[in-house]
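For reference, the structure discussed in these notes is given below.
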Amino acid sequence: MKKIILFAAVSLGAFGLAACSPGEKAQDATENASVAEASGEALRLYTFDCGRIDMLDLGIFSSNGEYAGRQNKGADMCFLIRHPKGDLMWDAGLPDSFNEQEGGVTNGPFHIEVPTTLRSQLESVGVAPGDIKYFSISHSHFDHVGNAGLFTGSTFLVDKDERSYMFRDEARADEQSFGLVAPLEGVDTTEFDGDYDVFGDGSVTILAMPGHTPGHTALMVNLENSGPVLLTGDLYHLLESRERRIVPVFNTDEEETRRSMDRFETLAAETGARVVVQHALEDLEAMPKAPAFLD
């Protein structure tokens with residue numbers, strides 16, 4: 001495996017968020033929101049419907065018990081960012097194999113359906129998995145890595161703490177879930193610590209937002225016409241969770257999650273970014289459906 005370790009001070013480049021206060025971080029993000037023009041092609045953001053999740057026990061999504069006895073219908077989004085220097089696939093949704101399960105699958109507190117495969121949605125925009133230069137995940141939970149095996153020919157961009165977490169002994173013991181990420185263990189990998197400027201021009205930046213998992217991340221995409229877009233990963237699961245700063249019981253660190261929320265909201269406010277909560281059905285329905293896109 002080829003592994004490149006990039007430290008935060010290097011990987012941020014002009015974005016410069018690592019050593020700044022929240023207000024300074026957001027100001028830097030605004031000042032460096034230019035989009036790459038290397039070949040004259042516009043940066044594009046495609047949204048894919050990577051599954052539907054009925055949350056049968058919403059209580060696990062609130063550490064303070066506020067959601068006890070409730071249920072919720074959620075989405076599972078993943079995204080393709082097309083850049084003049086190559087494509088980035090962000091998150092990999094639920095496994096395409098669930099598309100073959102009539103009526104879906106019940107797995108613990110979730111009922112899962114995959115109405116449309118990720119592969120077919122990529123085909124709708126003229127992209128094959130093997131064409132994608134970079135693959136990254138907000139974190140390594142099963143609903144974000146379901147099709148990770150499609151992207152073993154891409155360079156895997158991953159927070160160093162998340163990589164350690166996803167390949168730890170306890171994770172390996174869960175053979176079913178580990179089987180989804182196992183194909184990534186030996187691929188060409190770039191690890192980073194802190195934020196990571198994917199293309200080196202401030203247009204697409206992976207943001208360190210730990211707490212849900214040790215190396216959880218969000219993504220900022222600075223589009224020429226639509227402006228900045230922030231993809232939350234699982235920093236929030238519901239729109240209400242964002243409004244009320246509600247943390248799931250299964251996060252690895254609640255206080256760290258709240259610090260990430262503070263940073264995220266400062267950045268969102270200062271940049272005026274459109275925030276997409278990746279599990280919110282309302283946000284999925286508000287995004288252009290591929291092959292349409294934001295640019």
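Chain lettering (A, B, ...) mirrors the order of the structure tokens, residue numbering begins at 1 for each chain separately, and ligand numbering begins at 1 in order of display.
Proximity to Val276 (chain A) at 10 Å, evaluated using only C-alpha atoms and with sequence-adjacent residues fewer than 4 positions away removed, yields Met77, Val229, Leu230, Leu231, Thr232, Gly233, Tyr236, Leu239, Ala280, Glu282, Asp283, Leu284, Ala286 and Met287 of chain A.
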Mind dumping a table of every region 192-248 of chain A residue within 8 Å of region 144-159 of chain A, with the nearest atom pair and its distance in Å to one decimal, using only C-alpha atoms, sorted by chain and rising number, as a tab-separated table?
residue	atom	partner	partner_atom	distance
A:Phe192	CA	A:Asp159	CA	5.0
A:Asp193	CA	A:Asp159	CA	5.9
A:Gly194	CA	A:Asp159	CA	7.4
A:Ala208	CA	A:Asp159	CA	7.9
A:Gly215	CA	A:Asp159	CA	5.5
A:His216	CA	A:Asp159	CA	7.6
A:Thr217	CA	A:Asp159	CA	7.7
Checklist entry - Mind checking DSSP for region 64-280 of chain A and telling me the strand (DSSP E) residues as number ranges by chain? => result A: 72-83, 86-90, 105-107, 110-113, 134-136, 155-159, 189-193, 196-197, 204-208, 217-223, 227-231, 274-276
Next on the checklist: Taking only C-alpha atoms into account, name the residue in A:Asn222, A:Asn99, A:Ser164, A:Asn64 that is nearest to His83 (chain A).
Outcome noted: A:Asn222
Next on the checklist: Quick one: residues within 8 Å of Pro214 (chain A), only C-alpha atoms, excluding same-chain residues fewer than 2 positions away - as a VMD selection string?
Outcome noted: chain A and resid 161 to 162 165 210 to 212 216 252 to 253
Just the selected residues (C-alpha atoms), exported as a PDB file, in the first residue's frame, please.
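As a result, selection-v6.pdb now contains:
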ATOM      1  CA  ASP A 161      -7.700   8.684  13.181  1.00  0.00           C
ATOM      2  CA  GLU A 162     -10.602   7.362  11.132  1.00  0.00           C
ATOM      3  CA  TYR A 165     -10.695   3.348  13.901  1.00  0.00           C
ATOM      4  CA  PRO A 210     -14.477  14.572  15.055  1.00  0.00           C
ATOM      5  CA  GLY A 211     -16.833  13.258  17.704  1.00  0.00           C
ATOM      6  CA  HIS A 212     -19.318  11.080  15.856  1.00  0.00           C
ATOM      7  CA  HIS A 216     -15.262  12.077  11.307  1.00  0.00           C
ATOM      8  CA  THR A 252     -17.521   8.264  20.338  1.00  0.00           C
ATOM      9  CA  ASP A 253     -17.152  11.640  22.105  1.00  0.00           C
TER      10      ASP A 253
END
Item to check | Non-local contacts of Glu123 (chain A) (12 Å; only C-alpha atoms; under 5 positions in same chain excluded) as a ChimeraX atom specification | outcome: /A:48,80,116-118,128-131,290-291
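CA of Ala42 (chain A) sits 9.2 Å away from CA of Asn225 (chain A).
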Item to check | Residues near Phe199 (chain A), cut-off 9 Å, only C-alpha atoms, skip fewer than 3 positions along chain, as a ChimeraX atom specification | outcome: /A:36,83,85-86,202-205
Once you have the residues from the selection above, write them out as a PDB file, in the first residue's frame, restricted to C-alpha atoms.
ATOM      1  CA  ALA A  36     -10.317  25.987  -9.986  1.00  0.00           C
ATOM      2  CA  HIS A  83     -13.125  19.058 -10.856  1.00  0.00           C
ATOM      3  CA  LYS A  85      -8.045  17.948 -11.930  1.00  0.00           C
ATOM      4  CA  GLY A  86     -10.179  14.825 -11.409  1.00  0.00           C
ATOM      5  CA  GLY A 202      -9.417  25.848  -1.881  1.00  0.00           C
ATOM      6  CA  SER A 203     -12.351  24.632  -3.985  1.00  0.00           C
ATOM      7  CA  VAL A 204     -12.943  21.328  -2.159  1.00  0.00           C
ATOM      8  CA  THR A 205     -11.838  20.921   1.443  1.00  0.00           C
TER       9      THR A 205
END
Checklist entry - Residues at most 9 Å from Ala268 (chain A), counting only C-alpha atoms, excluding those fewer than 4 positions away in the same chain, as a list in words? => result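 Returned residues: Ala26, Pro228, Val229, Leu230, Arg263, Phe264, Gly272, Ala273, Arg274 and Val275 of chain A.
Nearest residue to Ala182 (chain A) among A:Thr106, A:Thr213, A:Ser140, A:Thr266 is A:Ser140, counting only C-alpha atoms.
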Next on the checklist: With only C-alpha atoms as the counted atoms, please give the residues lying no more than 7 Å from Leu223 (chain A), apart from itself and same-chain residues fewer than 2 positions off, as a PyMOL selection string.
Outcome noted: chain A and resi 35+43+221+225-228+295
Would you mind exporting C-alpha atoms of the selected residues as a short mmCIF file (atom, residue, chain, number, x, y, z; two decimals), in the first residue's frame?
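Result saved to selection.cif:
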data_model
loop_
_atom_site.label_atom_id
_atom_site.label_comp_id
_atom_site.auth_asym_id
_atom_site.auth_seq_id
_atom_site.Cartn_x
_atom_site.Cartn_y
_atom_site.Cartn_z
CA VAL A 35 -12.97 27.68 -7.88
CA LEU A 43 -16.70 22.61 -10.71
CA VAL A 221 -17.38 22.66 -1.85
CA ASN A 225 -22.52 29.93 -9.32
CA SER A 226 -24.20 28.24 -6.35
CA GLY A 227 -21.67 29.40 -3.78
CA PRO A 228 -20.26 27.34 -0.90
CA ASP A 295 -22.15 24.42 -10.24
#
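CA of Val198 (chain A) lies 25.4 Å from CA of Arg258 (chain A).
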Next on the checklist: Going by DSSP on the backbone, which residues of region 50-253 of chain A come out as alpha helix (DSSP H)? List them as a PyMOL selection string.
Outcome noted: chain A and resi 118-124+160-166+169-173+175-181+239-244
Export, as a short mmCIF file (atom, residue, chain, number, x, y, z; two decimals), in the first residue's frame, the selected residues with N, CA and C atoms.
data_model
loop_
_atom_site.label_atom_id
_atom_site.label_comp_id
_atom_site.auth_asym_id
_atom_site.auth_seq_id
_atom_site.Cartn_x
_atom_site.Cartn_y
_atom_site.Cartn_z
N LEU A 118 -26.06 3.02 -6.81
CA LEU A 118 -25.07 4.07 -7.02
C LEU A 118 -24.40 3.91 -8.38
N ARG A 119 -24.12 2.69 -8.76
CA ARG A 119 -23.46 2.46 -10.05
C ARG A 119 -24.30 3.04 -11.19
N SER A 120 -25.62 2.81 -11.16
CA SER A 120 -26.47 3.31 -12.24
C SER A 120 -26.55 4.83 -12.23
N GLN A 121 -26.49 5.43 -11.05
CA GLN A 121 -26.52 6.89 -10.98
C GLN A 121 -25.23 7.49 -11.52
N LEU A 122 -24.11 6.83 -11.25
CA LEU A 122 -22.85 7.27 -11.86
C LEU A 122 -22.92 7.15 -13.38
N GLU A 123 -23.50 6.07 -13.86
CA GLU A 123 -23.64 5.89 -15.31
C GLU A 123 -24.48 7.00 -15.92
N SER A 124 -25.48 7.50 -15.16
CA SER A 124 -26.36 8.55 -15.70
C SER A 124 -25.61 9.84 -15.97
N LYS A 160 -6.43 10.27 9.50
CA LYS A 160 -5.59 9.20 10.06
C LYS A 160 -6.26 8.52 11.25
N ASP A 161 -7.01 9.29 12.04
CA ASP A 161 -7.70 8.68 13.18
C ASP A 161 -8.86 7.81 12.73
N GLU A 162 -9.51 8.18 11.64
CA GLU A 162 -10.60 7.36 11.13
C GLU A 162 -10.08 6.06 10.54
N ARG A 163 -8.93 6.13 9.87
CA ARG A 163 -8.38 4.90 9.32
C ARG A 163 -8.01 3.92 10.44
N SER A 164 -7.42 4.44 11.51
CA SER A 164 -7.10 3.58 12.65
C SER A 164 -8.37 2.98 13.24
N TYR A 165 -9.42 3.78 13.33
CA TYR A 165 -10.69 3.35 13.90
C TYR A 165 -11.35 2.27 13.04
N MET A 166 -11.33 2.43 11.73
CA MET A 166 -12.04 1.50 10.86
C MET A 166 -11.32 0.17 10.73
N ASP A 169 -9.12 -3.75 15.88
CA ASP A 169 -9.50 -5.15 16.11
C ASP A 169 -11.00 -5.31 16.33
N GLU A 170 -11.61 -4.38 17.08
CA GLU A 170 -13.04 -4.49 17.36
C GLU A 170 -13.86 -4.39 16.08
N ALA A 171 -13.42 -3.55 15.14
CA ALA A 171 -14.13 -3.43 13.87
C ALA A 171 -14.01 -4.71 13.05
N ARG A 172 -12.86 -5.32 13.08
CA ARG A 172 -12.65 -6.55 12.33
C ARG A 172 -13.52 -7.69 12.84
N ALA A 173 -13.88 -7.62 14.10
CA ALA A 173 -14.68 -8.69 14.70
C ALA A 173 -16.10 -8.73 14.14
N GLU A 175 -17.75 -9.10 11.18
CA GLU A 175 -17.36 -9.52 9.83
C GLU A 175 -18.24 -8.89 8.75
N GLN A 176 -19.54 -8.76 9.02
CA GLN A 176 -20.44 -8.23 8.01
C GLN A 176 -20.13 -6.77 7.69
N SER A 177 -20.01 -5.94 8.72
CA SER A 177 -19.71 -4.53 8.50
C SER A 177 -18.28 -4.34 8.01
N PHE A 178 -17.34 -5.10 8.58
CA PHE A 178 -15.95 -4.93 8.19
C PHE A 178 -15.74 -5.32 6.73
N GLY A 179 -16.54 -6.25 6.23
CA GLY A 179 -16.42 -6.64 4.84
C GLY A 179 -16.64 -5.50 3.87
N LEU A 180 -17.36 -4.46 4.30
CA LEU A 180 -17.60 -3.31 3.44
C LEU A 180 -16.36 -2.44 3.28
N VAL A 181 -15.55 -2.33 4.34
CA VAL A 181 -14.37 -1.47 4.29
C VAL A 181 -13.09 -2.24 4.00
N LEU A 239 -32.65 17.58 10.54
CA LEU A 239 -32.62 19.04 10.57
C LEU A 239 -32.81 19.53 11.99
N GLU A 240 -33.69 18.87 12.72
CA GLU A 240 -33.95 19.22 14.12
C GLU A 240 -32.71 19.03 14.98
N SER A 241 -31.91 18.02 14.68
CA SER A 241 -30.70 17.78 15.45
C SER A 241 -29.74 18.96 15.32
N ARG A 242 -29.70 19.53 14.13
CA ARG A 242 -28.85 20.71 13.93
C ARG A 242 -29.38 21.90 14.70
N GLU A 243 -30.66 22.13 14.63
CA GLU A 243 -31.27 23.29 15.29
C GLU A 243 -31.08 23.22 16.81
N ARG A 244 -31.13 21.98 17.36
CA ARG A 244 -31.15 21.83 18.82
C ARG A 244 -29.86 21.22 19.37
#
Checklist entry - At what distance in Å, to one decimal, does CA of Ala75 (chain A) lie from CA of Leu238 (chain A)? => result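 Pair CA of Leu238 (chain A) / CA of Ala75 (chain A) returns 9.8 Å.
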